[in-house]
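To start, the structure itself, in structure tokens.
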Amino acid sequence: MSRASPRRWWAERGRLAAVSAPVIVADVVRNGFVEGHHHGSAVLTGADGTVEWSVGVVDRPMFPRSCNKPMQALGLLRAGLDLDGELLALAAASHSGEAFHLDGVRRILAGAGLTEDALQTPPAYPIDELARDEWIRAGHLAAPLTMNCSGKHAAMLATCVHNGWDTKSYRDPAHPVQRAIRAALEDSAGEPAAAVAVDGCGAPLLAISLAGLARAFGRFASAAPDSPEGRIAGAFRRHPEYASGTRRDEAALIRSVPGLFAKGGAEAVYAAGLADGRGLAVKIDDGASRARALVMAALLGRVGVDNDVVREQREYPLLGGGEPVGSVRPSAALLDALA
């Protein structure tokens, strides 16, 4: 991969994929009537990183959002971050803001001699409803600590302290910690980052293709346990509640499939890797999170992964008068393409 001319690299890819477009991947069915659709894209990469199957747009740049976090954590480990176990999972998490998440973030910061004041995450409430209500009942307002990316930011700060880097400018794309992250992301995806934006947490957000995202997750999932990638994947497998939350669909899926490594992101991005090196990635075009898990579950079915959790996640229930009246489910077109 050449880092010298990413624009030229992506221009060539764009010519090859110019005719592709998102497809209908999910139907919204209420009382037997199809009232709407979700368009999106999905891809499966092989152990060698090549695309084995795809629908929609998979070879053009997109923002993986928080699905980039494992690769960000890889950059931090390469730069000397000394974390493992549940705290390493938390460093790559979009956490729910439960009490153990907040304690973990404080532990990462304390290990670097820092406090919550060093975090530059925007104030937010926990994304888990029960955790949010508990936080508010305790008299707290939205805080940087409870923002779901605070584990990542704490790990960035700890890496800065380890290397003697400035902790005030750690979100700057030109900062050494962000340069280390970019190199790790590009190495994992096997392609240059096509664009740099600001993510919801204020840190740099790098664009790669959906195929590159799947490729990266396959590499993490099949990495040697003692390698940096393998350590991150192992932390997710052993501590899925730290990588997401106790009541999250990602945690349930990781627990149910031996060897699975998975992470969700904003705007309905979802990526997973299997122990044999295959990678899977999904992007719902309208950003509807209700559709991402069911499309991933359908994609897992194509590679022979089937259990109660996967079957349950293949549909998102719709209510009418408080009672189930339908569901969001994989489209017939997607199921035909997966067959």
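For the structure tokens, the naming scheme is as follows: chains receive sequential letters (A, B, ...) according to their order of presentation, residues are indexed from 1 within each chain, and ligands are indexed from 1 in presentation order.
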
Inset, instruction - Assign secondary structure with DSSP using the backbone only, and return the residues of range 89-276 of chain A in strand (DSSP E) as a PyMOL selection string. - result: chain A and resi 196-198+204-206+208-209+261-265+269-273

With N, CA, C and O atoms retained, could you export that selection as a short mmCIF file (atom, residue, chain, number, x, y, z; two decimals), in the first residue's frame?
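Below is the file that was written, selection-v5.cif:
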data_model
loop_
_atom_site.label_atom_id
_atom_site.label_comp_id
_atom_site.auth_asym_id
_atom_site.auth_seq_id
_atom_site.Cartn_x
_atom_site.Cartn_y
_atom_site.Cartn_z
N VAL A 196 -10.16 12.78 6.41
CA VAL A 196 -10.09 12.99 7.85
C VAL A 196 -11.21 13.94 8.24
O VAL A 196 -11.34 15.02 7.67
N ALA A 197 -12.02 13.53 9.21
CA ALA A 197 -13.11 14.37 9.71
C ALA A 197 -13.01 14.40 11.23
O ALA A 197 -12.07 13.85 11.83
N VAL A 198 -13.97 15.03 11.87
CA VAL A 198 -14.04 15.06 13.33
C VAL A 198 -15.19 14.16 13.75
O VAL A 198 -16.35 14.35 13.35
N PRO A 204 -10.07 12.67 15.70
CA PRO A 204 -10.08 12.50 14.25
C PRO A 204 -10.78 11.21 13.84
O PRO A 204 -10.69 10.18 14.51
N LEU A 205 -11.47 11.28 12.71
CA LEU A 205 -12.19 10.15 12.13
C LEU A 205 -11.66 9.92 10.73
O LEU A 205 -11.68 10.84 9.90
N LEU A 206 -11.19 8.72 10.46
CA LEU A 206 -10.57 8.40 9.18
C LEU A 206 -11.49 7.53 8.33
O LEU A 206 -12.13 6.61 8.84
N ILE A 208 -12.20 4.80 5.35
CA ILE A 208 -11.69 3.68 4.57
C ILE A 208 -12.90 3.06 3.87
O ILE A 208 -14.02 3.53 4.01
N SER A 209 -12.70 1.99 3.13
CA SER A 209 -13.82 1.33 2.49
C SER A 209 -14.45 0.31 3.43
O SER A 209 -13.85 -0.13 4.41
N PHE A 261 -15.24 -11.61 16.91
CA PHE A 261 -14.76 -10.30 17.33
C PHE A 261 -15.63 -9.28 16.61
O PHE A 261 -15.71 -9.30 15.37
N ALA A 262 -16.33 -8.41 17.33
CA ALA A 262 -17.30 -7.54 16.68
C ALA A 262 -17.39 -6.18 17.37
O ALA A 262 -17.15 -6.07 18.57
N LYS A 263 -17.75 -5.16 16.58
CA LYS A 263 -17.89 -3.80 17.10
C LYS A 263 -18.90 -3.04 16.25
O LYS A 263 -18.87 -3.12 15.03
N GLY A 264 -19.80 -2.33 16.91
CA GLY A 264 -20.75 -1.48 16.22
C GLY A 264 -20.29 -0.03 16.23
O GLY A 264 -19.44 0.37 17.04
N GLY A 265 -20.85 0.76 15.33
CA GLY A 265 -20.52 2.17 15.26
C GLY A 265 -21.73 3.01 14.92
O GLY A 265 -22.76 2.49 14.48
N VAL A 269 -23.10 1.37 11.35
CA VAL A 269 -21.97 0.57 10.85
C VAL A 269 -21.75 -0.58 11.82
O VAL A 269 -21.91 -0.43 13.03
N TYR A 270 -21.39 -1.74 11.29
CA TYR A 270 -21.17 -2.92 12.13
C TYR A 270 -20.11 -3.77 11.45
O TYR A 270 -20.18 -4.00 10.23
N ALA A 271 -19.12 -4.22 12.21
CA ALA A 271 -18.06 -5.05 11.65
C ALA A 271 -17.79 -6.23 12.57
O ALA A 271 -17.96 -6.13 13.79
N ALA A 272 -17.38 -7.33 11.98
CA ALA A 272 -17.08 -8.53 12.76
C ALA A 272 -15.98 -9.32 12.07
O ALA A 272 -15.79 -9.22 10.85
N GLY A 273 -15.27 -10.09 12.85
CA GLY A 273 -14.25 -10.98 12.33
C GLY A 273 -14.42 -12.36 12.92
O GLY A 273 -14.83 -12.50 14.08
#

Inset, instruction - Excluding Ala214 in chain A and any residue of its chain fewer than 3 positions from it, enumerate the residues within 8 Å of it, using only C-alpha atoms, and give them as an NGL selection string. - result: :A and (43-45 or 189 or 210-211 or 217-218 or 271-273 or 278-281)

Legend entry - Between CA of Ala243 in chain A and CA of Ala93 in chain A - distance in Å to one decimal: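 It comes out at 4.4 Å.
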
Legend entry - Nearest-residue call for His101 in chain A, choices A:Ser188, A:Ser244, A:Thr121, A:Thr167, using only C-alpha atoms: A:Ser244

Legend entry - Contact residues around Ala266 in chain A with only C-alpha atoms at 10 Å, ignoring same-chain residues under 6 positions, as an NGL selection string: :A and (63-67 or 94 or 199-200 or 283 or 287-289)

Legend entry - Polymer residues at most 9 Å from Asp117 in chain A, only C-alpha atoms, same-chain spacing of 2 or more positions, as a ChimeraX atom specification: /A:114-115,119-120,144-145

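Of the residues under consideration (A:Phe100, A:Trp53, A:Tyr242, A:Trp135), A:Trp53 shows the shortest atom-to-atom contact distance to Leu334 in chain A when counting only C-alpha atoms.
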
Inset, instruction - Show which residues sit within 12 Å of Arg106 in chain A, as an MDAnalysis selection string. Count only C-alpha atoms, and ignore same-chain residues fewer than 3 positions away. - result: chainID A and resid 87 90:91 99:103 109:119 144:146 150:155 157:158

Inset, instruction - Find the residues near range 68-82 of chain A: any atom within 6 Å, counting only C-alpha atoms, skip ones fewer than 2 places away on the same chain, and give them as a PyMOL selection string. - result: chain A and resi 64+66+92+159+180-181+184-185

Excluding Leu141 in chain A and any residue of its chain fewer than 6 positions from it, enumerate the residues within 9 Å of it, using only C-alpha atoms, and give them as a short mmCIF file (atom, residue, chain, number, x, y, z; two decimals) with all heavy atoms, in the first residue's frame.
data_model
loop_
_atom_site.label_atom_id
_atom_site.label_comp_id
_atom_site.auth_asym_id
_atom_site.auth_seq_id
_atom_site.Cartn_x
_atom_site.Cartn_y
_atom_site.Cartn_z
N PRO A 123 -19.38 16.68 26.92
CA PRO A 123 -20.27 16.18 27.97
C PRO A 123 -21.44 15.42 27.35
O PRO A 123 -22.03 15.84 26.34
CB PRO A 123 -20.75 17.45 28.67
CG PRO A 123 -19.69 18.46 28.39
CD PRO A 123 -19.21 18.15 27.01
N ALA A 124 -21.78 14.30 27.93
CA ALA A 124 -22.89 13.47 27.45
C ALA A 124 -23.42 12.63 28.59
O ALA A 124 -22.73 12.43 29.60
CB ALA A 124 -22.43 12.58 26.30
N TYR A 125 -24.62 12.12 28.43
CA TYR A 125 -25.17 11.18 29.38
C TYR A 125 -24.85 9.76 28.93
O TYR A 125 -24.58 9.52 27.75
CB TYR A 125 -26.69 11.36 29.49
CG TYR A 125 -27.12 12.60 30.23
CD1 TYR A 125 -27.61 13.71 29.55
CD2 TYR A 125 -27.01 12.67 31.62
CE1 TYR A 125 -27.99 14.86 30.23
CE2 TYR A 125 -27.39 13.82 32.31
CZ TYR A 125 -27.88 14.91 31.61
OH TYR A 125 -28.25 16.05 32.29
N TRP A 135 -27.60 7.70 36.74
CA TRP A 135 -26.67 8.83 36.80
C TRP A 135 -27.43 10.12 37.15
O TRP A 135 -26.99 10.90 38.00
CB TRP A 135 -25.97 8.96 35.46
CG TRP A 135 -24.96 10.06 35.34
CD1 TRP A 135 -25.13 11.26 34.70
CD2 TRP A 135 -23.62 10.07 35.84
NE1 TRP A 135 -23.98 12.01 34.76
CE2 TRP A 135 -23.04 11.30 35.46
CE3 TRP A 135 -22.87 9.15 36.56
CZ2 TRP A 135 -21.73 11.64 35.78
CZ3 TRP A 135 -21.55 9.48 36.89
CH2 TRP A 135 -21.00 10.70 36.51
#

Legend entry - Nearest to Arg182 in chain A, chosen from A:Ala297, A:Ala207, A:Cys160, A:Phe33, with only C-alpha atoms counted in the distances: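 Nearest candidate to Arg182 in chain A out of A:Ala297, A:Ala207, A:Cys160, A:Phe33: A:Ala207.
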
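Counting only C-alpha atoms, the residue from A:Val305, A:Val58, A:Ala332, A:Ala195 that sits nearest to Pro6 in chain A is A:Ala195.
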